[in-house]
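To start, the structure itself, in structure tokens.
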Amino acid sequence: MDDEAERRQRHPAGPLTSFVGRRRTMALLESEVRACRLVSVTGPGGVGKTRTALTAAERARFSGGTRVVELASVTHPAQVASAVATALGVPDQSNRDATDRVIGHLAGADALLVLDNCEHVLEAAATLVLRLLDALPGLRVLATSREPLGIRGERVHLLAPLAVPEESDASGAGALDHVPAVQLLLDRAQDVLPGFTVTAENRAAVVALCRRLDGLPLAIELAAVRLRSLSVSQIVARLDRRFSLLAGHAPGADPRQRSLRALIDWSHDLCGPDERLLWQRMSVFPAAVDLETAERVCGFGELDGERLFDALDGLVGKSVVVADRRGEQVRYRQFVTLREYGAELLESAGEADLLRRRHRDHFTARAALCVRRWCGPDQASDLSRLREDDAHLLAALAWSAETPGEAPAGARLACLLRYHWIAGGFLSNGRRWLERLLPLLEPGTADRGEALWATAWVALIQGDRAVAGSYLDECAAIADSLNDRNLRGHVRLWRALLNLFAGELDAAVSLYQEAIEIHQATGDTGLVLTASFQLAMAQAYAGRPEEALATCSSVIARASAVGERWNRAYAHWAAAISHLHLGQVTEARTAITAAMRIEQDFRDGVCTALCTEISAWVAASSGHAADAAALEGVAASVWSRLGTSLRAFGPHATEDGRTHARRVDEQLGPAAAAIRQEYAQIALSDAVRIGLDLVIRQSGKAVPSRPAAAGVRTVPDSVLTSRETEIAVLIARGHTNKAIAEQLTISPRTVDGHVERILRKLDCASRSQIASWVTAAGVKSPAR
């Protein structure tokens with residue numbers, strides 16, 4: 001090899017396009033390459049393994065240079081060693097085997113060997129690497145592969161797709177150029193369309209494109225090429241045909257990189273028969289799933305028992321499936337592009353309806369379990385699991401509604417999800433799907449009767465009393481024609497709630513008593529408790545607060561005996577109303593605090609809003625007008641997110657709210673509106689925490705001096721160093737990391753590290769949340 005060839009081998013030519021994003025990834029990968037003798041960059045096809053590895057290798061700068069070997073063109077494992085020797089320019093003038101010749105060539109060098117695309121010759125590559133590392137103490141190896149080499153001492157670096165914008169960014173006004181997926185789109189788009197940028201007109205389409213392409217660099221680059229002839233919106237509209245749309249024609253590109261389909265075909269060819277079968281079956285999942293779901297839905301026939309787990313493990317290893325870990329919980333997901341590829345295979349195999357039916361029936365069984373053990377200690381965990389599975393539930397309902405003959409089973413699922421809709425905070429989705437399935441059910445059937453009362457319940461919480469009344473009238477007729485006592489009990493219960501919300505309190509009390517008697521006889525303790533806490537509300541507003549307190553005490557005692565907490569929280573809430581009507585403010589505060597402590601585990605939006613309302617009334621009644629105004633703002637935010645309001649709960653509750661709000665206005669004047677507005681954008685996840693802090697503070701116990709608004713966690717200023725505080729303030733002013741580095745005369749890498757620590761200390765997920773914290777906490781840049 002001549003000197004020039006040797007120089008090119010040790011220091012490969014730079015790429016023709018810029019390297020975008022992955023700043024933190026590069027810093028980590030560089031440190032791993034220096035600390036470990038073998039690092040394997042793994043990840044799905046198109047995620048940018050080759051480019052990232054080559055960039056890291058270029059920056060690492062070993063004294064013996066960097067040697068790059070591309071293995072994609074190797075067609076047989078036996079050719080791996082000779083391909084490496086050829087790529088390194090090792091003379092082929094002896095009868096020694098190729099590995100020995102490579103060892104001799106690299107002897108004594110402090111070098112980095114990059115082995116690119118090892119997945120199709122994995123075992124041979126692993127064998128070669130082991131021999132090289134054993135024989136060459138100065139050698140380091142950086143490999144790229146869909147799955148690890150699986151040998152001792154290997155550091156696996158799983159390369160994730162580029163970060164994508166949040167869905168909420170589509171309607172926002174902040175800059176997007178700091179989001180890596182958007183950065184890449186802009187950079188590559190400007191190659192074919194100079195001047196291309198994110199505008200108010202294309203912003204939503206840019207966000208949708210990056211999100212629907214999973215942040216996969218290859219997919220984004222192929223989409224950018226299409227901007228020669230299409231707008232961003234037109235590309236997004238055609239993404240259902242992505243495999244033909246995202247086909248490039250660059251003559252210098254690796255054949256696998258010229259189209260998305262070719263790249264995924266390559267991944268599919270590397271899978272064994274069981275892995276391919278599981279890949280196509282898992283395409284039925286629109287979101288991540290737990291192992292139980294994967295086994296129940298996909299584990300049959302050729303994938304029965306341990307074969308499914310072995311196939312799943314193989315797909316995770318090949319980066320076709322991603323394993324998301326949260327403590328001891330693991331959920332499995334596919335990127336949209338890989339899932340759609342699998343869906344095509346599933347349709348071709350004729351298994352699509354079978355898998356979708358198994359998918360729907362699995363989640364029906366899970367919802368039935370939630371209902372069956374609702375009156376017990378598993379309520380919060382069951383609701384949490386259904387909340388995680390919401391995308392699956394909606395997909396199962398959609399398939400049932402669109403597939404002939406499946407509507408009754410879909411309606412059964414929708415009814416069994418009653419607590420998911422009501423307590424889980426999905427009122428609008430519940431109403432939408434129940435009402436979509438209702439017209440598909442046979443008149444006069446038990447299935448239709450069940451769907452009618454469930455829809456009536458959701459409609460009542462949303463304030464649609466007339467619609468709920470018509471549903472209950474039809475349900476009553478079905479109950480009478482079928483002589484169905486359980487249906488009659490539901491009619492009594494939800495008509496009682498209708499009367500309560502309409503202000504017809506005596507009629508409500510009478511119907512609640514009938515409903516309790518029926519559900520007691522049928523053994524449904526959960527509905528007995530629900531009817532009872534609602535009865536207490538009717539009694540309180542009917543001028544019988546002592547009776548209401550006795551009813552609440554009975555509910556609390558009975559619920560506590562079986563570990564039930566959802567009805568118990570509402571009983572504490574009703575007790576707080578009764579105490580307020582008796583002028584017992586301290587007792588009301590104790591009751592609503594108990595309710596909100598339970599609510600911390602449930603995230604029931606309706607209960608959160610109602611408890612926050614009562615907390616505001618307690619604050620107003622005890623002279624804490626500013627706290628009352630803040631709580632009113634929090635309640636308004638939660639109601640808005642739920643799509644309902646306190647007015648849905650009847651004229652008596654509405655008048656209570658107005659009375660206390662007037663008291664706050666009288667004490668604070670115009671400041672009341674400003675405080676309400678400050679807290680009017682609180683996220684549901686923060687509402688209970690902020691409300692509970694304010695209520696506890698009124699009792700004289702120590703809490704943070706000012707609960708954070710705008711969904712930002714309460715964090716004392718002192719948690720940040722002086723420099724971190726200075727950088728946080730500059731972020732709030734809209735400065736980029738580069739601009740901050742220039743202003744503070746420090747390196748961009750130093751700023752990156754500070755920003756990462758700030759995000760971790762404040763428990764924030766984005767720069768916008770840092771900015772919100774700075775604003776809410778009133779932080780000023782420290783004097784220097």
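Residue names in the structure tokens use chain letters A, B, ... in the order shown, residue numbers from 1 in each chain, and ligand numbers from 1 in the order shown.
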*Fewer than 5 positions away in the same chain doesn't count, so skip those; otherwise give me all residues within 9 Å of Gln79 in chain A, counting only C-alpha atoms, as a ChimeraX atom specification.*
/A:74,84,124
Which polymer residues have any atom within 9 Å of an atom of Arg281 in chain A, counting only C-alpha atoms, with same-chain residues fewer than 4 positions away left out, as an mmCIF file with N, CA, C and O atoms, in the first residue's frame?
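Listed below is the output, selection-v4.cif:
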data_model
loop_
_atom_site.group_PDB
_atom_site.id
_atom_site.type_symbol
_atom_site.label_atom_id
_atom_site.label_comp_id
_atom_site.auth_asym_id
_atom_site.auth_seq_id
_atom_site.Cartn_x
_atom_site.Cartn_y
_atom_site.Cartn_z
ATOM 1 N N ARG A 276 -39.958 -13.635 12.256
ATOM 2 C CA ARG A 276 -40.756 -13.008 11.196
ATOM 3 C C ARG A 276 -42.245 -13.114 11.507
ATOM 4 O O ARG A 276 -43.010 -12.164 11.290
ATOM 5 N N LEU A 277 -42.671 -14.267 12.019
ATOM 6 C CA LEU A 277 -44.085 -14.459 12.342
ATOM 7 C C LEU A 277 -44.513 -13.527 13.465
ATOM 8 O O LEU A 277 -45.586 -12.904 13.405
ATOM 9 N N PHE A 285 -50.522 -4.277 17.346
ATOM 10 C CA PHE A 285 -50.434 -3.408 18.523
ATOM 11 C C PHE A 285 -50.127 -1.965 18.102
ATOM 12 O O PHE A 285 -49.048 -1.704 17.567
ATOM 13 N N VAL A 297 -52.074 -12.461 22.911
ATOM 14 C CA VAL A 297 -52.562 -12.108 21.576
ATOM 15 C C VAL A 297 -51.800 -12.856 20.484
ATOM 16 O O VAL A 297 -52.406 -13.358 19.522
ATOM 17 N N CYS A 298 -50.483 -12.951 20.633
ATOM 18 C CA CYS A 298 -49.658 -13.506 19.547
ATOM 19 C C CYS A 298 -49.207 -14.945 19.784
ATOM 20 O O CYS A 298 -48.732 -15.601 18.852
ATOM 21 N N GLY A 342 -44.882 -4.842 9.009
ATOM 22 C CA GLY A 342 -45.446 -6.075 9.535
ATOM 23 C C GLY A 342 -46.924 -6.212 9.236
ATOM 24 O O GLY A 342 -47.426 -7.320 8.991
ATOM 25 N N ALA A 343 -47.642 -5.081 9.238
ATOM 26 C CA ALA A 343 -49.083 -5.124 8.958
ATOM 27 C C ALA A 343 -49.346 -5.588 7.523
ATOM 28 O O ALA A 343 -50.324 -6.302 7.264
ATOM 29 N N LEU A 345 -47.499 -7.674 5.889
ATOM 30 C CA LEU A 345 -47.276 -9.122 5.909
ATOM 31 C C LEU A 345 -48.450 -9.840 6.561
ATOM 32 O O LEU A 345 -48.848 -10.928 6.127
ATOM 33 N N LEU A 346 -49.010 -9.244 7.607
ATOM 34 C CA LEU A 346 -50.143 -9.852 8.304
ATOM 35 C C LEU A 346 -51.352 -9.953 7.383
ATOM 36 O O LEU A 346 -52.048 -10.978 7.353
ATOM 37 N N GLU A 351 -54.141 -13.265 8.346
ATOM 38 C CA GLU A 351 -54.343 -13.396 9.792
ATOM 39 C C GLU A 351 -54.806 -12.105 10.447
ATOM 40 O O GLU A 351 -54.953 -12.057 11.669
ATOM 41 N N ALA A 352 -55.039 -11.049 9.682
ATOM 42 C CA ALA A 352 -55.301 -9.738 10.283
ATOM 43 C C ALA A 352 -56.543 -9.754 11.176
ATOM 44 O O ALA A 352 -56.503 -9.307 12.329
ATOM 45 N N LEU A 355 -56.017 -11.792 14.413
ATOM 46 C CA LEU A 355 -55.201 -11.109 15.424
ATOM 47 C C LEU A 355 -55.943 -9.945 16.052
ATOM 48 O O LEU A 355 -55.846 -9.711 17.263
#
*Test item: residues at most 12 Å from Ala365 in chain A, only C-alpha atoms, excluding those fewer than 5 positions along its chain, as a list of chain:residue names*: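 Within the cut-off, the hits are A:Thr293, A:Arg296, A:Val297, A:Arg358, A:His359, A:Arg360, A:Cys370, A:Val371, A:Arg372, A:Leu386, A:Leu393, A:Ala409, A:Arg412, A:Leu413, A:Ala414, A:Leu416, A:Leu417.
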*Contacts of Ala741 in chain A at 12 Å (only C-alpha atoms; same-chain gap of 2+ positions) as a list in words*: Arg723, Glu726, Ile727, Leu730, Ile731, His735, Thr736, Asn737, Lys738, Ala739, Gln743, Leu744, Thr745, Ile746, Ser747, Pro748, Arg749, Thr750, Val751, Asp752, Gly753, His754 and Val755 of chain A
*So which residues touch Leu438 in chain A within 12 Å, counting only C-alpha atoms, skipping near sequence neighbours fewer than 5 positions away, as a ChimeraX atom specification?*
/A:401,407-412,414-415,431-433,443-445,447-456,471,474-475
*What is the distance between CA of Asp240 in chain A and CA of Arg22 in chain A, in Å to one decimal?*
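One can read the CA of Asp240 in chain A to CA of Arg22 in chain A distance as 28.3 Å.
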*Might you pull out every residue within 12 Å of range 576-579 of chain A, with only C-alpha atoms counted and same-chain residues fewer than 2 positions away left off, and present them as a ChimeraX atom specification?*
/A:533,536-553,569-574,581-596,610-618,621,652-653,656-657
*asked:* Nearest residue to Ala143 in chain A out of A:Pro161, A:Gly43, A:Gly104, A:Pro670, using only C-alpha atoms?
replied: A:Gly43
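Across A:Pro91, A:Arg603, A:Pro77, A:Gly153, the tightest approach to Cys36 in chain A is made by A:Gly153 when counting only C-alpha atoms.
If you look at CA of Ala111 in chain A and CA of Ala160 in chain A, they are 26.9 Å away from each other.
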Once you count only C-alpha atoms, what closest atom pair and distance in Å to one decimal does each residue of range 643-762 of chain A within 12 Å of range 497-508 of chain A have, with rows by chain and rising residue number, as JSON lines?
{"residue": "A:Leu646", "atom": "CA", "partner": "A:Phe501", "partner_atom": "CA", "distance": 10.3}
{"residue": "A:Arg647", "atom": "CA", "partner": "A:Phe501", "partner_atom": "CA", "distance": 8.7}
{"residue": "A:Ala648", "atom": "CA", "partner": "A:Phe501", "partner_atom": "CA", "distance": 6.8}
{"residue": "A:Phe649", "atom": "CA", "partner": "A:Phe501", "partner_atom": "CA", "distance": 5.0}
{"residue": "A:Gly650", "atom": "CA", "partner": "A:Phe501", "partner_atom": "CA", "distance": 3.9}
{"residue": "A:Pro651", "atom": "CA", "partner": "A:Gly503", "partner_atom": "CA", "distance": 6.0}
{"residue": "A:His652", "atom": "CA", "partner": "A:Gly503", "partner_atom": "CA", "distance": 6.7}
{"residue": "A:Ala653", "atom": "CA", "partner": "A:Phe501", "partner_atom": "CA", "distance": 8.8}
{"residue": "A:Thr654", "atom": "CA", "partner": "A:Phe501", "partner_atom": "CA", "distance": 10.0}
{"residue": "A:Glu655", "atom": "CA", "partner": "A:Gly503", "partner_atom": "CA", "distance": 11.3}
Put those residues in a file: N, CA, C and O atoms, as a CSV table (one decimal), in the first residue's frame.
chain,number,residue,atom,x,y,z
A,646,LEU,N,-68.4,22.4,36.6
A,646,LEU,CA,-69.2,22.2,37.8
A,646,LEU,C,-70.7,22.3,37.5
A,646,LEU,O,-71.5,21.7,38.2
A,647,ARG,N,-71.1,23.1,36.5
A,647,ARG,CA,-72.5,23.3,36.2
A,647,ARG,C,-73.2,21.9,35.9
A,647,ARG,O,-74.4,21.7,36.1
A,648,ALA,N,-72.4,20.9,35.4
A,648,ALA,CA,-73.0,19.6,35.1
A,648,ALA,C,-73.5,18.9,36.3
A,648,ALA,O,-74.4,18.1,36.3
A,649,PHE,N,-73.0,19.4,37.5
A,649,PHE,CA,-73.4,18.7,38.8
A,649,PHE,C,-74.5,19.3,39.5
A,649,PHE,O,-74.8,19.0,40.7
A,650,GLY,N,-75.2,20.2,38.8
A,650,GLY,CA,-76.5,20.7,39.3
A,650,GLY,C,-76.5,22.1,39.8
A,650,GLY,O,-75.4,22.7,40.1
A,651,PRO,N,-77.7,22.7,40.0
A,651,PRO,CA,-77.8,24.1,40.4
A,651,PRO,C,-77.3,24.3,41.8
A,651,PRO,O,-76.8,25.4,42.1
A,652,HIS,N,-77.5,23.3,42.7
A,652,HIS,CA,-77.1,23.6,44.1
A,652,HIS,C,-75.5,23.7,44.2
A,652,HIS,O,-75.0,24.6,44.8
A,653,ALA,N,-74.8,22.7,43.5
A,653,ALA,CA,-73.3,22.8,43.5
A,653,ALA,C,-72.9,24.0,42.8
A,653,ALA,O,-71.9,24.7,43.3
A,654,THR,N,-73.5,24.4,41.7
A,654,THR,CA,-73.1,25.6,41.0
A,654,THR,C,-73.3,26.8,41.8
A,654,THR,O,-72.4,27.7,41.8
A,655,GLU,N,-74.4,26.9,42.6
A,655,GLU,CA,-74.6,28.1,43.4
A,655,GLU,C,-73.6,28.2,44.6
A,655,GLU,O,-73.1,29.2,44.9
_Considering only C-alpha atoms, can you say which of A:Ala72, A:Leu142, A:Ala396, A:Leu112 comes closest to Val39 in chain A?_
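Smallest distance to Val39 in chain A is found for A:Leu142.
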_In range 105-235 of chain A, DSSP alpha helix (DSSP H) residues written as number ranges by chain_ = A: 105-106, 122-135, 180-192, 203-212, 217-225, 232-235
*Find, counting only C-alpha atoms, the residue in A:His519, A:Arg558, A:Arg59, A:Arg465 that gets nearest to Arg485 in chain A.*
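Nearest candidate to Arg485 in chain A out of A:His519, A:Arg558, A:Arg59, A:Arg465: A:His519.
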Range 269-331 of chain A residues near range 117-122 of chain A within 10 Å, closest pair each, using only C-alpha atoms, as a tab-separated table:
residue	atom	partner	partner_atom	distance
A:Asp269	CA	A:His120	CA	8.9
A:Leu270	CA	A:His120	CA	6.3
A:Cys271	CA	A:His120	CA	9.6
A:Lys318	CA	A:Glu119	CA	8.1
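What separates CA of Arg757 in chain A from CA of Leu186 in chain A is a distance of 28.0 Å.
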*Using backbone DSSP assignments, extract all strand (DSSP E or B) residues from range 22-226 of chain A; output them as an MDAnalysis selection string.*
chainID A and resid 38:42 66:70 112:116 140:145 154:158
